[in-house]
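Raw target-v1.cif, mmCIF, C-alpha atoms:
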```cif
data_query
loop_
_atom_site.label_atom_id
_atom_site.label_comp_id
_atom_site.auth_asym_id
_atom_site.auth_seq_id
_atom_site.Cartn_x
_atom_site.Cartn_y
_atom_site.Cartn_z
CA MET A 1 -37.14 -4.42 -37.27
CA THR A 2 -39.07 -6.75 -34.97
CA ARG A 3 -37.47 -9.75 -36.56
CA LEU A 4 -34.05 -8.21 -36.12
CA SER A 5 -34.68 -7.54 -32.43
CA ILE A 6 -35.90 -11.10 -31.92
CA VAL A 7 -32.73 -12.43 -33.47
CA LEU A 8 -30.61 -10.10 -31.35
CA VAL A 9 -32.43 -11.01 -28.14
CA ALA A 10 -32.12 -14.70 -28.97
CA ALA A 11 -28.42 -14.30 -29.62
CA VAL A 12 -27.94 -12.48 -26.31
CA MET A 13 -29.90 -15.15 -24.43
CA LEU A 14 -27.95 -17.96 -26.01
CA VAL A 15 -24.72 -16.37 -24.86
CA ALA A 16 -25.80 -17.32 -21.36
CA CYS A 17 -25.58 -20.98 -22.28
CA THR A 18 -22.27 -21.79 -20.64
CA GLU A 19 -22.66 -25.52 -20.37
CA LYS A 20 -19.45 -27.29 -21.24
CA PRO A 21 -19.54 -29.29 -24.47
CA GLN A 22 -20.16 -33.00 -23.88
CA THR A 23 -18.93 -34.52 -27.08
CA THR A 24 -16.54 -37.17 -25.84
CA THR A 25 -17.86 -40.70 -26.10
CA ALA A 26 -14.72 -42.84 -26.24
CA ARG A 27 -12.62 -43.40 -23.13
CA LYS A 28 -9.49 -41.28 -23.03
CA ALA A 29 -6.00 -42.66 -22.54
CA ASP A 30 -4.28 -41.92 -19.23
CA ASP A 31 -0.77 -40.64 -18.59
CA LYS A 32 1.80 -42.59 -16.63
CA PRO A 33 2.03 -41.35 -13.04
CA TRP A 34 5.66 -40.41 -13.46
CA ALA A 35 4.92 -38.44 -16.66
CA THR A 36 4.37 -35.17 -14.91
CA ALA A 37 6.07 -31.83 -14.67
CA ALA A 38 7.62 -30.65 -11.43
CA SER A 39 4.85 -29.62 -9.08
CA ALA A 40 4.77 -27.49 -5.97
CA TYR A 41 2.78 -30.29 -4.34
CA ALA A 42 5.24 -33.07 -5.15
CA ALA A 43 6.81 -35.00 -2.29
CA ALA A 44 10.01 -33.52 -0.96
CA GLY A 45 12.94 -34.51 -3.12
CA TYR A 46 10.82 -36.12 -5.80
CA LYS A 47 10.95 -34.95 -9.40
CA GLY A 48 8.68 -36.47 -12.00
CA GLY A 49 9.58 -37.85 -15.39
CA ASP A 50 11.48 -41.00 -14.46
CA GLN A 51 9.80 -44.38 -13.90
CA ALA A 52 12.61 -45.83 -11.80
CA ALA A 53 12.71 -42.75 -9.56
CA TRP A 54 8.95 -42.88 -9.14
CA GLU A 55 8.98 -46.54 -8.17
CA GLN A 56 11.81 -45.99 -5.71
CA GLN A 57 10.00 -42.99 -4.26
CA LEU A 58 6.83 -44.99 -3.63
CA LYS A 59 8.76 -47.91 -2.22
CA SER A 60 10.61 -45.79 0.29
CA ARG A 61 7.48 -43.81 1.07
CA ALA A 62 5.62 -47.05 1.82
CA GLN A 63 8.17 -47.83 4.52
CA GLY A 64 6.77 -44.83 6.38
CA GLN A 65 3.85 -47.13 7.17
CA ASN A 66 6.16 -49.73 8.69
CA GLU A 67 6.71 -48.90 12.34
CA TYR A 68 9.27 -51.72 12.68
CA SER A 69 11.59 -49.92 10.29
CA ARG A 70 11.23 -46.71 12.31
CA THR A 71 11.65 -48.10 15.81
CA ALA A 72 14.04 -50.49 17.49
CA ALA A 73 13.69 -54.20 16.80
CA PRO A 74 11.13 -55.93 19.05
CA MET B 1 6.44 -52.89 -9.63
CA ALA B 2 3.58 -54.99 -8.41
CA ARG B 3 0.00 -53.87 -8.28
CA MET B 4 -1.20 -51.15 -5.97
CA LYS B 5 -3.28 -52.54 -3.12
CA PHE B 6 -4.89 -51.61 0.17
CA ILE B 7 -4.77 -53.81 3.26
CA CYS B 8 -6.77 -52.99 6.38
CA ASP B 9 -5.69 -54.60 9.63
CA ALA B 10 -8.88 -55.20 11.62
CA GLU B 11 -6.82 -55.77 14.78
CA ARG B 12 -5.64 -52.17 14.62
CA CYS B 13 -8.56 -50.20 13.20
CA ILE B 14 -10.16 -48.12 15.95
CA GLU B 15 -13.01 -46.76 13.84
CA CYS B 16 -11.73 -43.19 14.11
CA ASN B 17 -12.83 -42.45 10.54
CA GLY B 18 -9.60 -40.54 9.96
CA CYS B 19 -9.25 -42.26 6.57
CA VAL B 20 -12.76 -41.19 5.58
CA THR B 21 -12.07 -37.62 6.59
CA ALA B 22 -8.69 -37.55 4.87
CA CYS B 23 -10.26 -38.78 1.64
CA LYS B 24 -13.12 -36.31 1.82
CA ALA B 25 -10.81 -33.39 2.46
CA GLU B 26 -8.10 -34.37 0.00
CA HIS B 27 -10.44 -34.72 -2.95
CA ASP B 28 -13.17 -32.29 -1.97
CA VAL B 29 -15.70 -35.09 -2.29
CA PRO B 30 -19.31 -33.79 -2.36
CA TRP B 31 -22.03 -34.58 0.13
CA GLY B 32 -23.60 -37.97 -0.35
CA VAL B 33 -20.45 -39.52 -1.77
CA ASN B 34 -18.19 -41.60 0.42
CA ARG B 35 -15.28 -43.03 -1.47
CA ARG B 36 -14.13 -44.70 1.74
CA ARG B 37 -16.03 -45.70 4.84
CA VAL B 38 -15.47 -47.70 7.99
CA VAL B 39 -17.57 -50.80 8.58
CA THR B 40 -17.87 -52.21 12.10
CA LEU B 41 -18.95 -55.76 12.84
CA ASN B 42 -20.59 -56.59 16.18
CA ASP B 43 -20.70 -52.91 17.04
CA GLY B 44 -20.86 -52.38 20.79
CA VAL B 45 -20.12 -56.00 21.58
CA PRO B 46 -16.78 -56.82 23.22
CA GLY B 47 -14.41 -57.92 20.51
CA GLU B 48 -15.98 -55.77 17.80
CA ARG B 49 -13.93 -55.31 14.68
CA SER B 50 -13.77 -52.42 12.25
CA ILE B 51 -12.40 -52.30 8.76
CA SER B 52 -11.93 -49.46 6.34
CA VAL B 53 -13.46 -50.19 2.94
CA ALA B 54 -13.14 -48.50 -0.44
CA CYS B 55 -12.50 -49.64 -3.98
CA MET B 56 -10.17 -52.62 -3.71
CA HIS B 57 -8.85 -52.11 -7.24
CA CYS B 58 -9.65 -55.71 -8.10
CA SER B 59 -7.37 -57.61 -10.44
CA ASP B 60 -10.47 -58.90 -12.23
CA ALA B 61 -12.84 -56.05 -11.51
CA PRO B 62 -16.57 -56.83 -11.93
CA CYS B 63 -17.35 -53.15 -12.48
CA MET B 64 -15.20 -53.22 -15.60
CA ALA B 65 -16.98 -56.33 -16.81
CA VAL B 66 -20.51 -54.93 -16.54
CA CYS B 67 -19.98 -51.33 -17.66
CA PRO B 68 -22.05 -50.89 -20.85
CA VAL B 69 -19.99 -47.94 -22.09
CA ASP B 70 -16.55 -49.34 -21.16
CA CYS B 71 -15.57 -46.32 -19.11
CA PHE B 72 -13.26 -48.28 -16.78
CA TYR B 73 -9.60 -48.99 -17.31
CA ARG B 74 -6.79 -50.45 -15.27
CA THR B 75 -3.42 -48.73 -15.18
CA ASP B 76 -0.16 -50.65 -15.41
CA GLU B 77 0.13 -50.13 -11.66
CA GLY B 78 -3.12 -52.04 -11.11
CA VAL B 79 -5.29 -49.05 -10.22
CA VAL B 80 -8.87 -49.29 -11.53
CA LEU B 81 -10.00 -45.90 -12.79
CA HIS B 82 -12.83 -44.60 -14.92
CA ASP B 83 -13.57 -41.81 -17.35
CA LYS B 84 -16.38 -39.60 -16.12
CA ASP B 85 -16.85 -38.13 -19.58
CA THR B 86 -17.84 -41.58 -20.82
CA CYS B 87 -19.80 -42.74 -17.75
CA ILE B 88 -23.57 -42.50 -18.18
CA GLY B 89 -24.40 -43.03 -14.50
CA CYS B 90 -26.42 -46.19 -15.10
CA GLY B 91 -25.38 -47.81 -11.81
CA TYR B 92 -24.55 -51.28 -13.12
CA CYS B 93 -21.12 -51.07 -11.50
CA SER B 94 -22.78 -50.34 -8.18
CA TYR B 95 -24.70 -53.61 -8.35
CA ALA B 96 -21.65 -55.56 -9.52
CA CYS B 97 -19.19 -54.30 -6.92
CA PRO B 98 -19.04 -56.48 -3.79
CA PHE B 99 -17.56 -53.62 -1.76
CA GLY B 100 -20.08 -50.87 -2.53
CA ALA B 101 -17.31 -48.73 -3.97
CA PRO B 102 -19.16 -46.93 -6.78
CA GLN B 103 -20.91 -43.85 -5.45
CA PHE B 104 -23.42 -41.58 -7.15
CA PRO B 105 -23.95 -37.94 -6.24
CA SER B 106 -27.66 -37.31 -5.80
CA ASN B 107 -27.79 -33.64 -4.94
CA GLY B 108 -28.47 -32.39 -8.45
CA THR B 109 -31.71 -31.18 -9.97
CA PHE B 110 -34.66 -33.46 -9.18
CA GLY B 111 -32.34 -35.68 -7.11
CA LEU B 112 -30.79 -37.05 -10.26
CA ARG B 113 -28.14 -39.71 -10.13
CA GLY B 114 -24.94 -38.23 -11.43
CA LYS B 115 -21.89 -39.84 -12.89
CA MET B 116 -20.19 -42.49 -10.84
CA ASP B 117 -17.49 -41.51 -8.38
CA LYS B 118 -15.17 -43.86 -6.55
CA CYS B 119 -11.80 -44.22 -4.89
CA THR B 120 -9.02 -43.53 -7.39
CA PHE B 121 -6.17 -44.73 -5.16
CA CYS B 122 -5.34 -41.02 -5.28
CA ALA B 123 -4.35 -41.51 -8.93
CA GLY B 124 -6.77 -39.05 -10.55
CA GLY B 125 -8.25 -39.91 -13.91
CA PRO B 126 -7.51 -39.85 -17.62
CA GLU B 127 -6.97 -36.09 -17.72
CA ALA B 128 -3.42 -34.72 -17.62
CA ASN B 129 -1.68 -35.43 -14.32
CA GLY B 130 -2.17 -32.62 -11.85
CA SER B 131 -4.39 -30.60 -14.20
CA GLN B 132 -7.35 -28.56 -13.02
CA ALA B 133 -9.72 -30.73 -15.05
CA GLU B 134 -8.44 -33.84 -13.34
CA ASN B 135 -8.70 -32.23 -9.94
CA GLU B 136 -12.29 -31.11 -10.49
CA LYS B 137 -13.48 -34.51 -11.70
CA TYR B 138 -11.40 -36.96 -9.70
CA GLY B 139 -9.54 -35.06 -6.98
CA ARG B 140 -5.84 -34.95 -6.24
CA ASN B 141 -3.38 -37.15 -8.10
CA ARG B 142 -1.04 -38.01 -5.25
CA LEU B 143 0.63 -40.89 -7.06
CA ALA B 144 1.92 -38.44 -9.67
CA GLU B 145 3.27 -36.34 -6.81
CA GLY B 146 5.27 -39.28 -5.49
CA LYS B 147 2.90 -39.87 -2.60
CA LEU B 148 0.66 -42.69 -1.44
CA PRO B 149 -3.12 -42.51 -0.88
CA ALA B 150 -4.09 -39.95 1.75
CA CYS B 151 -6.25 -42.40 3.70
CA ALA B 152 -3.37 -44.82 4.29
CA GLU B 153 -0.81 -42.14 5.03
CA MET B 154 -3.16 -40.42 7.49
CA CYS B 155 -4.14 -43.60 9.36
CA SER B 156 -3.13 -42.97 12.95
CA THR B 157 -2.73 -46.62 13.94
CA LYS B 158 -1.41 -47.67 10.54
CA ALA B 159 -4.26 -50.16 10.30
CA LEU B 160 -4.77 -49.15 6.71
CA LEU B 161 -1.79 -49.81 4.48
CA GLY B 162 -1.63 -48.74 0.87
CA GLY B 163 0.93 -48.98 -1.89
CA ASP B 164 2.78 -51.59 -3.89
CA GLY B 165 1.10 -54.89 -3.01
CA ASP B 166 4.37 -56.69 -2.35
CA VAL B 167 5.65 -53.97 -0.04
CA VAL B 168 2.51 -53.61 2.04
CA ALA B 169 2.18 -57.40 2.24
CA ASP B 170 5.71 -57.54 3.66
CA ILE B 171 4.88 -54.87 6.23
CA PHE B 172 1.68 -56.66 7.20
CA ARG B 173 3.40 -60.04 7.40
CA THR B 174 6.12 -58.74 9.71
CA ARG B 175 3.50 -57.14 11.92
CA VAL B 176 1.34 -60.24 12.23
CA LEU B 177 4.28 -62.55 12.88
CA THR B 178 5.63 -60.18 15.51
CA ARG B 179 2.40 -60.00 17.43
CA GLY B 180 1.95 -63.76 17.02
CA LYS B 181 -1.72 -63.58 16.17
CA GLY B 182 -3.57 -63.60 12.90
CA SER B 183 -1.51 -65.98 10.80
CA GLU B 184 -3.74 -68.90 11.78
CA VAL B 185 -6.60 -67.72 9.58
CA TRP B 186 -7.51 -69.58 6.44
CA GLY B 187 -5.65 -68.38 3.39
CA TRP B 188 -2.84 -66.68 5.28
CA GLY B 189 -0.12 -68.82 3.77
CA THR B 190 -1.39 -68.21 0.26
CA ALA B 191 -1.75 -64.48 0.67
CA TYR B 192 1.22 -63.61 2.84
CA GLY B 193 3.32 -66.78 2.90
CA LYS B 194 6.76 -65.44 2.12
CA PRO B 195 8.48 -62.12 1.67
CA THR B 196 8.73 -60.97 -1.90
CA GLN B 197 10.67 -57.76 -1.59
CA GLY B 198 13.31 -58.66 0.95
CA SER B 199 11.62 -56.81 3.77
CA SER B 200 13.76 -54.18 5.41
CA ALA B 201 11.97 -54.80 8.67
CA PRO B 202 13.64 -56.91 11.38
CA GLN B 203 12.83 -60.59 11.45
CA ALA B 204 10.06 -61.68 13.75
CA LYS B 205 10.68 -63.85 16.74
CA PRO B 206 10.86 -67.52 15.66
CA GLU B 207 8.42 -68.67 18.35
CA ALA B 208 5.79 -66.33 16.96
CA ARG B 209 5.75 -67.98 13.55
CA LYS B 210 2.69 -69.92 12.55
CA SER B 211 1.66 -71.76 9.40
#
```
Once you've parsed the file, please lay out its structure as structure tokens.
Amino acid sequence: MTRLSIVLVAAVMLVACTEKPQTTTARKADDKPWATAASAYAAAGYKGGDQAAWEQQLKSRAQGQNEYSRTAAP
Amino acid sequence: MARMKFICDAERCIECNGCVTACKAEHDVPWGVNRRRVVTLNDGVPGERSISVACMHCSDAPCMAVCPVDCFYRTDEGVVLHDKDTCIGCGYCSYACPFGAPQFPSNGTFGLRGKMDKCTFCAGGPEANGSQAENEKYGRNRLAEGKLPACAEMCSTKALLGGDGDVVADIFRTRVLTRGKGSEVWGWGTAYGKPTQGSSAPQAKPEARKS
């Protein structure tokens, strides 16, 4: 009986061990940035899945940092 | 597409730390970790200069070379990232990096040094794009959302530029030629000598051109 209760108590206590398993040792492979499903946080008008569209999106977005393309010529 | 790069224009940086704040908020970076920070030279002296510094995503990154567990990788877009599940927190990368980019959280039990954290160019990590696991370990993946790094996009004076290296170099070149100052420095011609993307910006005044 005592042995059984010890086993039960041990089992209950071990349930509290919620640490995530840390078994990975090799580096994982990464996805391409355009390989993503449509997200609510995606830039307006941008849909993932296409490399050319992604590159064009970043290129046009980068021009937002260029004040000379947003204002009149100096 | 060329490689993703940051450029910080020291003539424009006003040390507002907006980039630091944007990064902290965007990725929910813990206390003690600063993926980006602003360094000021000759602070308080007339003519002081500030520059925003983070991981420069080196083409030949020393952190990758010294990592004993090979947790770093470079994406096809030139972003240097790492796998926190492989990192052992040894700190070698911290000693190797000339920019002080690798950061180590130290608020755990007994002040332990946790796994390395650094600027991801807002590109997340090896977990699935936009997943919760990626967000918890590396922060937002803005590149997968079709956006550029938060620090550069939030910069009020546009001192910090981020994105495709060719595009931001074109923007920076146009700016420097227009203001007629800065192109006299050593290495300018090599780094920014000619447009590579057919800049959409207007041509600078001819008299402002140097070297």
Let me know the residues the PyMOL selection byres ((chain B) within 6 of (chain A)) catches in the file above, as an MDAnalysis selection string. chainID B and resid 71 86 126 144:146 171 201
Would you list the contacts of range 36-42 of chain B as a PyMOL selection string, taking every protein, DNA or RNA residue within 7 Å and counting all atoms listed in the file, but skipping same-chain residues closer than 5 positions in sequence? chain B and resi 15+17+20+48-54
Enter the distance from CA of Arg12 in chain B to CA of Ala159 in chain B, in Å, rounded to one decimal.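 Separation between CA of Arg12 in chain B and CA of Ala159 in chain B: 5.0 Å.
The spacing separating CA of Gly180 in chain B from CA of Pro46 in chain B amounts to 20.9 Å.
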Please measure the separation of CA of Trp31 in chain B and CA of Arg140 in chain B, giving the value in Å to one decimal. 17.4 Å
I would like the residues chosen by the PyMOL selection byres ((chain B and resi 2) around 12) on the shown file; could you give them as a PDB file with C-alpha atoms, in the frame of the given file?
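Below is the file selection.pdb, written as the result:
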```
ATOM      1  CA  GLU A  55       8.980 -46.540  -8.170  1.00  0.00           C
ATOM      2  CA  LEU A  58       6.830 -44.990  -3.630  1.00  0.00           C
ATOM      3  CA  LYS A  59       8.760 -47.910  -2.220  1.00  0.00           C
TER       4      LYS A  59
ATOM      5  CA  MET B   1       6.440 -52.890  -9.630  1.00  0.00           C
ATOM      6  CA  ARG B   3       0.000 -53.870  -8.280  1.00  0.00           C
ATOM      7  CA  MET B   4      -1.200 -51.150  -5.970  1.00  0.00           C
ATOM      8  CA  LYS B   5      -3.280 -52.540  -3.120  1.00  0.00           C
ATOM      9  CA  SER B  59      -7.370 -57.610 -10.440  1.00  0.00           C
ATOM     10  CA  THR B  75      -3.420 -48.730 -15.180  1.00  0.00           C
ATOM     11  CA  ASP B  76      -0.160 -50.650 -15.410  1.00  0.00           C
ATOM     12  CA  GLU B  77       0.130 -50.130 -11.660  1.00  0.00           C
ATOM     13  CA  GLY B  78      -3.120 -52.040 -11.110  1.00  0.00           C
ATOM     14  CA  VAL B  79      -5.290 -49.050 -10.220  1.00  0.00           C
ATOM     15  CA  GLY B 163       0.930 -48.980  -1.890  1.00  0.00           C
ATOM     16  CA  ASP B 164       2.780 -51.590  -3.890  1.00  0.00           C
ATOM     17  CA  GLY B 165       1.100 -54.890  -3.010  1.00  0.00           C
ATOM     18  CA  ASP B 166       4.370 -56.690  -2.350  1.00  0.00           C
ATOM     19  CA  VAL B 167       5.650 -53.970  -0.040  1.00  0.00           C
ATOM     20  CA  VAL B 168       2.510 -53.610   2.040  1.00  0.00           C
ATOM     21  CA  ALA B 169       2.180 -57.400   2.240  1.00  0.00           C
ATOM     22  CA  THR B 196       8.730 -60.970  -1.900  1.00  0.00           C
ATOM     23  CA  GLN B 197      10.670 -57.760  -1.590  1.00  0.00           C
TER      24      GLN B 197
END
```
So, with all atoms listed in the file as the atoms that count, which of B:Arg35, B:Gly125, B:Phe72, B:Gly130 lies closest to Phe104 in chain B?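 Ranked by minimum distance to Phe104 in chain B, first place goes to B:Arg35.
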Complete the atom set of range 27-54 of chain B to N, CA and C atoms and return it as a JSON list (two decimals), keeping the file's coordinate frame.
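Output below, filename rebuild.json:
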```
[["chain", "number", "residue", "atom", "x", "y", "z"],
["B", 27, "HIS", "N", -9.86, -34.77, -1.61],
["B", 27, "HIS", "CA", -10.44, -34.72, -2.95],
["B", 27, "HIS", "C", -11.66, -33.82, -3.06],
["B", 28, "ASP", "N", -12.00, -33.16, -1.95],
["B", 28, "ASP", "CA", -13.17, -32.29, -1.97],
["B", 28, "ASP", "C", -14.39, -33.06, -2.46],
["B", 29, "VAL", "N", -14.60, -34.20, -1.87],
["B", 29, "VAL", "CA", -15.70, -35.09, -2.29],
["B", 29, "VAL", "C", -17.03, -34.49, -1.84],
["B", 30, "PRO", "N", -18.03, -34.45, -2.72],
["B", 30, "PRO", "CA", -19.31, -33.79, -2.36],
["B", 30, "PRO", "C", -20.12, -34.60, -1.35],
["B", 31, "TRP", "N", -21.11, -33.92, -0.80],
["B", 31, "TRP", "CA", -22.03, -34.58, 0.13],
["B", 31, "TRP", "C", -22.69, -35.77, -0.55],
["B", 32, "GLY", "N", -22.91, -36.80, 0.20],
["B", 32, "GLY", "CA", -23.60, -37.97, -0.35],
["B", 32, "GLY", "C", -22.67, -38.97, -0.99],
["B", 33, "VAL", "N", -21.41, -38.59, -1.16],
["B", 33, "VAL", "CA", -20.45, -39.52, -1.77],
["B", 33, "VAL", "C", -19.39, -39.87, -0.74],
["B", 34, "ASN", "N", -19.23, -41.13, -0.49],
["B", 34, "ASN", "CA", -18.19, -41.60, 0.42],
["B", 34, "ASN", "C", -17.31, -42.60, -0.31],
["B", 35, "ARG", "N", -16.18, -42.12, -0.76],
["B", 35, "ARG", "CA", -15.28, -43.03, -1.47],
["B", 35, "ARG", "C", -14.74, -44.08, -0.51],
["B", 36, "ARG", "N", -14.62, -43.75, 0.74],
["B", 36, "ARG", "CA", -14.13, -44.70, 1.74],
["B", 36, "ARG", "C", -15.03, -44.61, 2.96],
["B", 37, "ARG", "N", -15.24, -45.71, 3.62],
["B", 37, "ARG", "CA", -16.03, -45.70, 4.84],
["B", 37, "ARG", "C", -15.54, -46.81, 5.75],
["B", 38, "VAL", "N", -15.90, -46.70, 7.02],
["B", 38, "VAL", "CA", -15.47, -47.70, 7.99],
["B", 38, "VAL", "C", -16.67, -48.56, 8.37],
["B", 39, "VAL", "N", -16.51, -49.86, 8.25],
["B", 39, "VAL", "CA", -17.57, -50.80, 8.58],
["B", 39, "VAL", "C", -17.19, -51.51, 9.88],
["B", 40, "THR", "N", -18.13, -51.55, 10.81],
["B", 40, "THR", "CA", -17.87, -52.21, 12.10],
["B", 40, "THR", "C", -18.79, -53.42, 12.24],
["B", 41, "LEU", "N", -18.18, -54.54, 12.60],
["B", 41, "LEU", "CA", -18.95, -55.76, 12.84],
["B", 41, "LEU", "C", -19.11, -55.94, 14.34],
["B", 42, "ASN", "N", -20.28, -56.40, 14.75],
["B", 42, "ASN", "CA", -20.59, -56.59, 16.18],
["B", 42, "ASN", "C", -20.38, -55.30, 16.96],
["B", 43, "ASP", "N", -20.89, -54.22, 16.42],
["B", 43, "ASP", "CA", -20.70, -52.91, 17.04],
["B", 43, "ASP", "C", -21.25, -52.90, 18.47],
["B", 44, "GLY", "N", -20.44, -52.47, 19.40],
["B", 44, "GLY", "CA", -20.86, -52.38, 20.79],
["B", 44, "GLY", "C", -20.66, -53.64, 21.59],
["B", 45, "VAL", "N", -20.34, -54.73, 20.90],
["B", 45, "VAL", "CA", -20.12, -56.00, 21.58],
["B", 45, "VAL", "C", -18.62, -56.14, 21.83],
["B", 46, "PRO", "N", -18.21, -56.62, 23.00],
["B", 46, "PRO", "CA", -16.78, -56.82, 23.22],
["B", 46, "PRO", "C", -16.16, -57.67, 22.11],
["B", 47, "GLY", "N", -15.05, -57.21, 21.61],
["B", 47, "GLY", "CA", -14.41, -57.92, 20.51],
["B", 47, "GLY", "C", -14.86, -57.44, 19.15],
["B", 48, "GLU", "N", -15.55, -56.31, 19.09],
["B", 48, "GLU", "CA", -15.98, -55.77, 17.80],
["B", 48, "GLU", "C", -14.79, -55.49, 16.92],
["B", 49, "ARG", "N", -15.01, -55.55, 15.63],
["B", 49, "ARG", "CA", -13.93, -55.31, 14.68],
["B", 49, "ARG", "C", -14.38, -54.29, 13.64],
["B", 50, "SER", "N", -13.48, -53.41, 13.27],
["B", 50, "SER", "CA", -13.77, -52.42, 12.25],
["B", 50, "SER", "C", -12.80, -52.57, 11.09],
["B", 51, "ILE", "N", -13.26, -52.22, 9.94],
["B", 51, "ILE", "CA", -12.40, -52.30, 8.76],
["B", 51, "ILE", "C", -12.76, -51.16, 7.82],
["B", 52, "SER", "N", -11.74, -50.57, 7.25],
["B", 52, "SER", "CA", -11.93, -49.46, 6.34],
["B", 52, "SER", "C", -12.08, -50.01, 4.92],
["B", 53, "VAL", "N", -13.15, -49.61, 4.25],
["B", 53, "VAL", "CA", -13.46, -50.19, 2.94],
["B", 53, "VAL", "C", -13.58, -49.10, 1.88],
["B", 54, "ALA", "N", -12.99, -49.35, 0.74],
["B", 54, "ALA", "CA", -13.14, -48.50, -0.44],
["B", 54, "ALA", "C", -13.00, -49.40, -1.65]]
```
